[in-house]
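Chemist: What follows is a structure written as structure tokens; I'll ask about it next.
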Amino acid sequence: MTQVKLSGLTKRFDEKSEPAVDRLDIEIESGKLTALLGPSGCGKTTTMKMIAGLLRPTDGDILFDGSSIVGIAPEDRGAVMVFQNYLLFPYMSVADNIGFGLKMRGVSRSEIRTRVRDMLDLVQMPGFEERRPKQLSGGQQQRIALARALIVQPNVLLLDEPLSNLDAHLRDEMRELISGIQTELGITTVFVTHDQEEAVVLADKIALLFEGRLQQFDVPDAFYETPGTVDIAKFFGGTNFIPGRCEDGRITTAIGRFRAPHTAVDRGEAVLSIRPEAVELGGGGGNSVRGRIRSHVYVGRYARFRVMIGEVEIEVITDPGQVKKLSDGDEVSVRFDPDKIWILGPAADGKDGRADSDSARQPAG
Amino acid sequence: MAGAAAKTTLVHRPAWRVTGRWVGITGLLAFLIAPIVPLFIWSISFRWFYPAILPTEYSARAWTEVINPNNDVVGVAWNTALIALVVTAFSILLGVPAGRALGLYEFRGKRLVEWLILAPIIVPGLAVVLGIHVLFIRAGLSNSLPGVILVHLVPTLPYMTLVMSGVFANYDTDFELQARSLGAGRLATQWYVTLPAIFPGVVVGAMFAFIISWSQYVLTLLIGGGQVQTLPLLLFSFVRSDPAIAGALSVVFILPAVLVLLLSSRYLSGDSAAVGGIGNI
């Protein structure tokens, strides 16, 4: 059980360019599963490599249980990293791959053999000792890479995009395996991912990074319910942002005035944000306005409508049954549930001076 | 996909590939082995004049001379091998790190360094060695074994370095990071992870180095000044005076090259990263 603390952690690859990781402050709880989330190039893998000791920070500190480990060689840190492409040693058998860390620690052959067998059981691949990495599928290689890291009983387990190279059904299986093992062994685990859904499903806490900077460090549901900025909300699939002014729990926009008790700003310029699945069509009542359906798609599990309210287009996700009741061009009542409205600071609030950059673009897939 | 494709070729190899393979083997035999045959016949011939296809009389004289301890052919051969082995060892020690630097990293002046490394095999050896000779006389290295070993590195190091730079260009250093992360120190990482990955390349480079040193004539003659005897020098002195002994010596001379080739042939396969390295030259 190790608590990991990043303090002002910075990495600059060269003097001139922007830092890849910029003054990161994160406190990773002991025994928990934490995700480093962000679009590609946001510095999440760089951060992980610094924790593992494979990259030297330009500035700042990394503390394990309160003591700095920046000066300690990677082999002595007790933080083991599993790379995205597994990196099983190709000229070694599966058993030798898994036993590698123990061999480096001078553990006896017979003990290595027993513990390798236990590990193969743990990752549900008993009897694979003599196989070569080339003979394994991607999912199997991933399991072996995981076993090879776990066998040395690391204080901190670092997983770089553990699911990204697997196809969909293997991904679910692997996700359950990682989560199961993590809960069982209680190892402080940090994993890197660009997929917000993966982070939400797997992690106890998520650190969201854009361009090397920490945007929000929170429990998963907070990113949906109380995102800190429009960028963050967009990254988590938010699509409806309507600028306005807020005052006393109400927001006045171009399409009307809405009651909105949950807010990140007290008064002044603000953005009304509501998730597409939180908008109700055809209900009426308080906090509702008239709109006209512009288009819709039927996806099966749900239906997606585009609704024009005056000049503002919003996206609405409803249950698929709505498709039968509503058709394009219909006028409809649109209700924003006050409890589901979240008032954010203005989009161009100058925070980091890049609220309009494409850093919030969603990852493909 | 790739695995399935490989399996198919294992089962039914296309006809043109089988033919191609036999043409290749025949060509190899014709160009590499055939020239040795007349040399061997020379070494056992006593009388062999124009119209006769084979010698009219045979004799073991040349071979008894070669084996005769007074002529010290075995001693010279041993000396040649020793020089070649030491040269190979130094080529590995210097060429592997140099190849790593060239293959993995971008740095200012990299092109220039590449050219400087290639220079000794582009510039005529004689021109290079005349300059080196003057330097070696001043440094007291001429007419000595260390001097000869040093000068042999001039043509061997470029090959070793180039082969290794090709190997490292296809090498993923993340494997080393992975080993460190799993608890291996620097040395253990080199031994257990780096070395096995680059080993085929080292074998190919070492083979080049050994054969280049083994067959060196001009450099040994000038720097060794006759004090350091090697097989090529001995062989050359017999070429005009005694073709039979020259033939026998040639066979002794060629033998290690063929042996080295056979021993290392499995590392020369098309799949080997090292051959990719040669492709990069």
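Every chain in the structure tokens takes a letter, A first, then B, and so on in the order presented; its residues are numbered from 1, and the ligands are numbered from 1 following the presented order.
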For stretch 314-316 of chain A, work out the shell of residues within 6 Å, counting only C-alpha atoms and skipping chain neighbours fewer than 6 positions away, then give it as a list in words.
Modeler: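 The filter keeps Asn240, Pro276, Glu277, Val279, Arg304, Phe305, Arg306 and Val307 of chain A.
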Chemist: Among stretch 147-289 of chain A, which residues does DSSP mark as helix (DSSP H, G or I) when it is run on the backbone? Keep the chain and numbering as in the structure and answer as a ChimeraX atom specification.
Modeler: /A:147-150,168-185,196-202,220-225,230-235,276-278
Chemist: Could you save the residues just selected, with C-alpha atoms, as a PDB file, in the first residue's frame?
Modeler:
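New file again-v2.pdb:
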ATOM      1  CA  ALA A 147       1.517 -11.293 -14.352  1.00  0.00           C
ATOM      2  CA  ARG A 148       5.151 -10.322 -14.946  1.00  0.00           C
ATOM      3  CA  ALA A 149       4.536  -7.006 -13.192  1.00  0.00           C
ATOM      4  CA  LEU A 150       2.424  -8.407 -10.331  1.00  0.00           C
ATOM      5  CA  ALA A 168     -14.150  -5.049 -27.701  1.00  0.00           C
ATOM      6  CA  HIS A 169     -15.053  -8.355 -26.025  1.00  0.00           C
ATOM      7  CA  LEU A 170     -11.491  -8.922 -24.761  1.00  0.00           C
ATOM      8  CA  ARG A 171     -11.515  -5.396 -23.422  1.00  0.00           C
ATOM      9  CA  ASP A 172     -14.456  -6.109 -21.122  1.00  0.00           C
ATOM     10  CA  GLU A 173     -12.846  -9.327 -19.962  1.00  0.00           C
ATOM     11  CA  MET A 174      -9.520  -7.619 -19.302  1.00  0.00           C
ATOM     12  CA  ARG A 175     -11.208  -4.725 -17.554  1.00  0.00           C
ATOM     13  CA  GLU A 176     -12.861  -7.140 -15.158  1.00  0.00           C
ATOM     14  CA  LEU A 177      -9.607  -8.998 -14.629  1.00  0.00           C
ATOM     15  CA  ILE A 178      -7.674  -5.814 -13.829  1.00  0.00           C
ATOM     16  CA  SER A 179     -10.375  -4.515 -11.554  1.00  0.00           C
ATOM     17  CA  GLY A 180     -10.709  -7.907  -9.826  1.00  0.00           C
ATOM     18  CA  ILE A 181      -6.978  -8.330  -9.266  1.00  0.00           C
ATOM     19  CA  GLN A 182      -6.619  -4.758  -8.110  1.00  0.00           C
ATOM     20  CA  THR A 183      -9.373  -5.137  -5.548  1.00  0.00           C
ATOM     21  CA  GLU A 184      -7.998  -8.483  -4.400  1.00  0.00           C
ATOM     22  CA  LEU A 185      -4.361  -7.397  -4.038  1.00  0.00           C
ATOM     23  CA  GLN A 196     -13.246   8.482 -20.846  1.00  0.00           C
ATOM     24  CA  GLU A 197     -15.631   5.569 -20.631  1.00  0.00           C
ATOM     25  CA  GLU A 198     -12.800   3.202 -19.736  1.00  0.00           C
ATOM     26  CA  ALA A 199     -11.651   5.611 -17.030  1.00  0.00           C
ATOM     27  CA  VAL A 200     -15.150   5.978 -15.621  1.00  0.00           C
ATOM     28  CA  VAL A 201     -15.833   2.249 -15.491  1.00  0.00           C
ATOM     29  CA  LEU A 202     -12.494   1.235 -14.012  1.00  0.00           C
ATOM     30  CA  PRO A 220     -15.848   9.674 -12.081  1.00  0.00           C
ATOM     31  CA  ASP A 221     -19.430  10.959 -11.751  1.00  0.00           C
ATOM     32  CA  ALA A 222     -18.205  14.474 -10.984  1.00  0.00           C
ATOM     33  CA  PHE A 223     -16.961  14.757 -14.554  1.00  0.00           C
ATOM     34  CA  TYR A 224     -20.534  14.293 -15.773  1.00  0.00           C
ATOM     35  CA  GLU A 225     -22.369  16.215 -13.096  1.00  0.00           C
ATOM     36  CA  VAL A 230     -16.694  23.576 -20.876  1.00  0.00           C
ATOM     37  CA  ASP A 231     -13.633  21.723 -22.214  1.00  0.00           C
ATOM     38  CA  ILE A 232     -13.972  19.077 -19.535  1.00  0.00           C
ATOM     39  CA  ALA A 233     -17.698  18.755 -20.130  1.00  0.00           C
ATOM     40  CA  LYS A 234     -17.083  18.376 -23.868  1.00  0.00           C
ATOM     41  CA  PHE A 235     -14.465  15.695 -23.278  1.00  0.00           C
ATOM     42  CA  PRO A 276     -28.185  15.516 -24.010  1.00  0.00           C
ATOM     43  CA  GLU A 277     -29.699  12.634 -22.056  1.00  0.00           C
ATOM     44  CA  ALA A 278     -30.969  15.036 -19.368  1.00  0.00           C
TER      45      ALA A 278
END
Chemist: Any idea which chain A residues end up within 9 Å of chain B if we count only C-alpha atoms, as a PyMOL selection string please?
Modeler: chain A and resi 52-54+73-83+87-91+100-105+148-149+152
Chemist: Identify, on the basis of only C-alpha atoms, every residue whose closest approach to stretch 111-113 of chain B does not exceed 12 Å; exclude the query and any residue fewer than 4 positions from it along the same chain; express the result as a VMD selection string.
Modeler: chain B and resid 98 to 99 101 to 103 105 to 107 117 to 119 158 161 to 162
Chemist: Counting only C-alpha atoms, what is within 12 Å of B:Val87, bar same-chain residues fewer than 3 positions away, as a PDB file with C-alpha atoms, in the first residue's frame?
Modeler:
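Listed below is the output, selection39.pdb:
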ATOM      1  CA  THR B  80      46.775 -14.674 -37.949  1.00  0.00           C
ATOM      2  CA  ALA B  81      43.825 -16.131 -36.105  1.00  0.00           C
ATOM      3  CA  LEU B  82      44.929 -14.514 -32.845  1.00  0.00           C
ATOM      4  CA  ILE B  83      45.193 -11.090 -34.497  1.00  0.00           C
ATOM      5  CA  ALA B  84      41.815 -11.561 -36.167  1.00  0.00           C
ATOM      6  CA  PHE B  90      37.839  -4.686 -30.164  1.00  0.00           C
ATOM      7  CA  SER B  91      35.486  -4.161 -33.114  1.00  0.00           C
ATOM      8  CA  ILE B  92      32.597  -5.454 -31.005  1.00  0.00           C
ATOM      9  CA  LEU B  93      33.581  -3.384 -27.970  1.00  0.00           C
ATOM     10  CA  LEU B  94      33.780  -0.182 -30.002  1.00  0.00           C
ATOM     11  CA  GLY B  95      31.356  -0.887 -32.848  1.00  0.00           C
ATOM     12  CA  LEU B 145      51.687  -6.709 -32.987  1.00  0.00           C
ATOM     13  CA  PRO B 146      49.642  -3.965 -31.232  1.00  0.00           C
ATOM     14  CA  GLY B 147      50.284  -1.708 -34.228  1.00  0.00           C
ATOM     15  CA  VAL B 148      48.967  -4.335 -36.646  1.00  0.00           C
ATOM     16  CA  ILE B 149      45.901  -4.955 -34.474  1.00  0.00           C
ATOM     17  CA  LEU B 150      45.188  -1.235 -34.293  1.00  0.00           C
ATOM     18  CA  VAL B 151      45.530  -0.724 -38.033  1.00  0.00           C
ATOM     19  CA  HIS B 152      43.237  -3.682 -38.752  1.00  0.00           C
ATOM     20  CA  LEU B 153      40.514  -1.847 -36.845  1.00  0.00           C
ATOM     21  CA  VAL B 154      40.540   0.819 -39.564  1.00  0.00           C
ATOM     22  CA  PRO B 155      38.661  -1.351 -42.085  1.00  0.00           C
ATOM     23  CA  THR B 156      36.796  -3.590 -39.577  1.00  0.00           C
ATOM     24  CA  LEU B 157      35.195  -0.923 -37.383  1.00  0.00           C
ATOM     25  CA  MET B 160      30.819  -3.473 -37.413  1.00  0.00           C
ATOM     26  CA  GLY B 205      29.442  -7.889 -37.701  1.00  0.00           C
ATOM     27  CA  ALA B 206      32.013 -10.052 -35.922  1.00  0.00           C
ATOM     28  CA  MET B 207      32.145 -12.338 -38.952  1.00  0.00           C
ATOM     29  CA  PHE B 208      32.904  -9.358 -41.186  1.00  0.00           C
ATOM     30  CA  ALA B 209      35.563  -8.139 -38.789  1.00  0.00           C
ATOM     31  CA  PHE B 210      37.198 -11.534 -38.477  1.00  0.00           C
ATOM     32  CA  ILE B 211      37.350 -12.190 -42.198  1.00  0.00           C
ATOM     33  CA  ILE B 212      38.559  -8.671 -43.037  1.00  0.00           C
ATOM     34  CA  SER B 213      41.362  -8.929 -40.500  1.00  0.00           C
ATOM     35  CA  TRP B 214      42.196 -12.516 -41.479  1.00  0.00           C
ATOM     36  CA  GLN B 216      44.439  -8.296 -44.588  1.00  0.00           C
TER      37      GLN B 216
END
Chemist: For A:His194, list every protein, DNA or RNA residue within 8 Å, evaluated using only C-alpha atoms, and leave out those in the same chain fewer than 2 positions away; present the list as a list in words.
Modeler: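 Once the nearby chain positions are removed, what remains is Leu37, Gly38, Pro39, Ser40, Glu161, Val192, Gln196 and Pro363 of chain A.
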Chemist: Determine, counting only C-alpha atoms, which protein, DNA and RNA residues have an atom within 8 Å of an atom of stretch 328-331 of chain A; residues of the same chain fewer than 3 positions away are not included. Present the result as a list in words.
Modeler: Arg290, Gly291, Arg292, Ile293, Arg294, Ser295 and His296 of chain A
Chemist: How many Å separate atom CA of B:Arg17 from atom CA of B:Ile33?
Modeler: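 For atom CA of B:Arg17 relative to atom CA of B:Ile33, the distance reads 23.1 Å.
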Chemist: Expressed in Å to a single decimal, how great is the separation between atom CA of A:Ser137 and atom CA of A:Arg115?
Modeler: 22.8 Å
Chemist: Residues of stretch 112-158 of chain A that approach stretch 33-36 of chain A to 12 Å or less, counting only C-alpha atoms: could you list each one with the shortest pair of atoms and its distance in Å to one decimal, rows by chain and increasing residue number, as CSV?
Modeler:
residue,atom,partner,partner_atom,distance
A:Val156,CA,A:Leu33,CA,10.2
A:Leu157,CA,A:Leu33,CA,9.4
A:Leu158,CA,A:Thr34,CA,9.8
Chemist: Create the file for the chosen residues now, containing C-alpha atoms and written as a short mmCIF file (atom, residue, chain, number, x, y, z; two decimals), in the first residue's frame.
Modeler:
data_model
loop_
_atom_site.label_atom_id
_atom_site.label_comp_id
_atom_site.auth_asym_id
_atom_site.auth_seq_id
_atom_site.Cartn_x
_atom_site.Cartn_y
_atom_site.Cartn_z
CA VAL A 156 2.67 0.87 -7.28
CA LEU A 157 1.38 -0.72 -10.49
CA LEU A 158 1.47 1.48 -13.59
#
Chemist: Excluding A:Phe241 and residues on its chain fewer than 3 positions from it, collect all residues at most 12 Å away from it, counting only C-alpha atoms, and give them as an MDAnalysis selection string.
Modeler: chainID A and resid 229:231 233:234 237:238 244 253:255 270:276 312:315 341:347
Chemist: Would you mind exporting the chosen residues as a CSV table (one decimal), in the first residue's frame, restricted to C-alpha atoms?
Modeler:
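Output below, filename part-v1.csv:
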chain,number,residue,atom,x,y,z
A,229,THR,CA,-14.9,23.8,-17.5
A,230,VAL,CA,-16.7,23.6,-20.9
A,231,ASP,CA,-13.6,21.7,-22.2
A,233,ALA,CA,-17.7,18.8,-20.1
A,234,LYS,CA,-17.1,18.4,-23.9
A,237,GLY,CA,-19.6,13.9,-24.1
A,238,GLY,CA,-21.4,17.1,-23.1
A,244,GLY,CA,-25.9,33.6,-20.7
A,253,THR,CA,-30.0,33.0,-22.1
A,254,ALA,CA,-31.0,33.9,-25.6
A,255,ILE,CA,-33.7,31.2,-25.5
A,270,ALA,CA,-21.8,31.9,-17.5
A,271,VAL,CA,-22.7,28.9,-19.6
A,272,LEU,CA,-25.7,26.7,-19.1
A,273,SER,CA,-24.7,23.1,-19.7
A,274,ILE,CA,-27.0,20.2,-19.8
A,275,ARG,CA,-26.2,16.7,-21.0
A,276,PRO,CA,-28.2,15.5,-24.0
A,312,VAL,CA,-29.8,27.6,-30.7
A,313,GLU,CA,-29.5,24.0,-31.7
A,314,ILE,CA,-29.4,21.4,-28.9
A,315,GLU,CA,-28.9,17.7,-28.9
A,341,ILE,CA,-28.5,21.9,-15.3
A,342,TRP,CA,-24.9,22.8,-14.4
A,343,ILE,CA,-23.8,26.4,-14.7
A,344,LEU,CA,-20.2,26.7,-15.7
A,345,GLY,CA,-17.9,29.7,-16.0
A,346,PRO,CA,-17.9,31.4,-19.4
A,347,ALA,CA,-16.3,29.3,-22.2
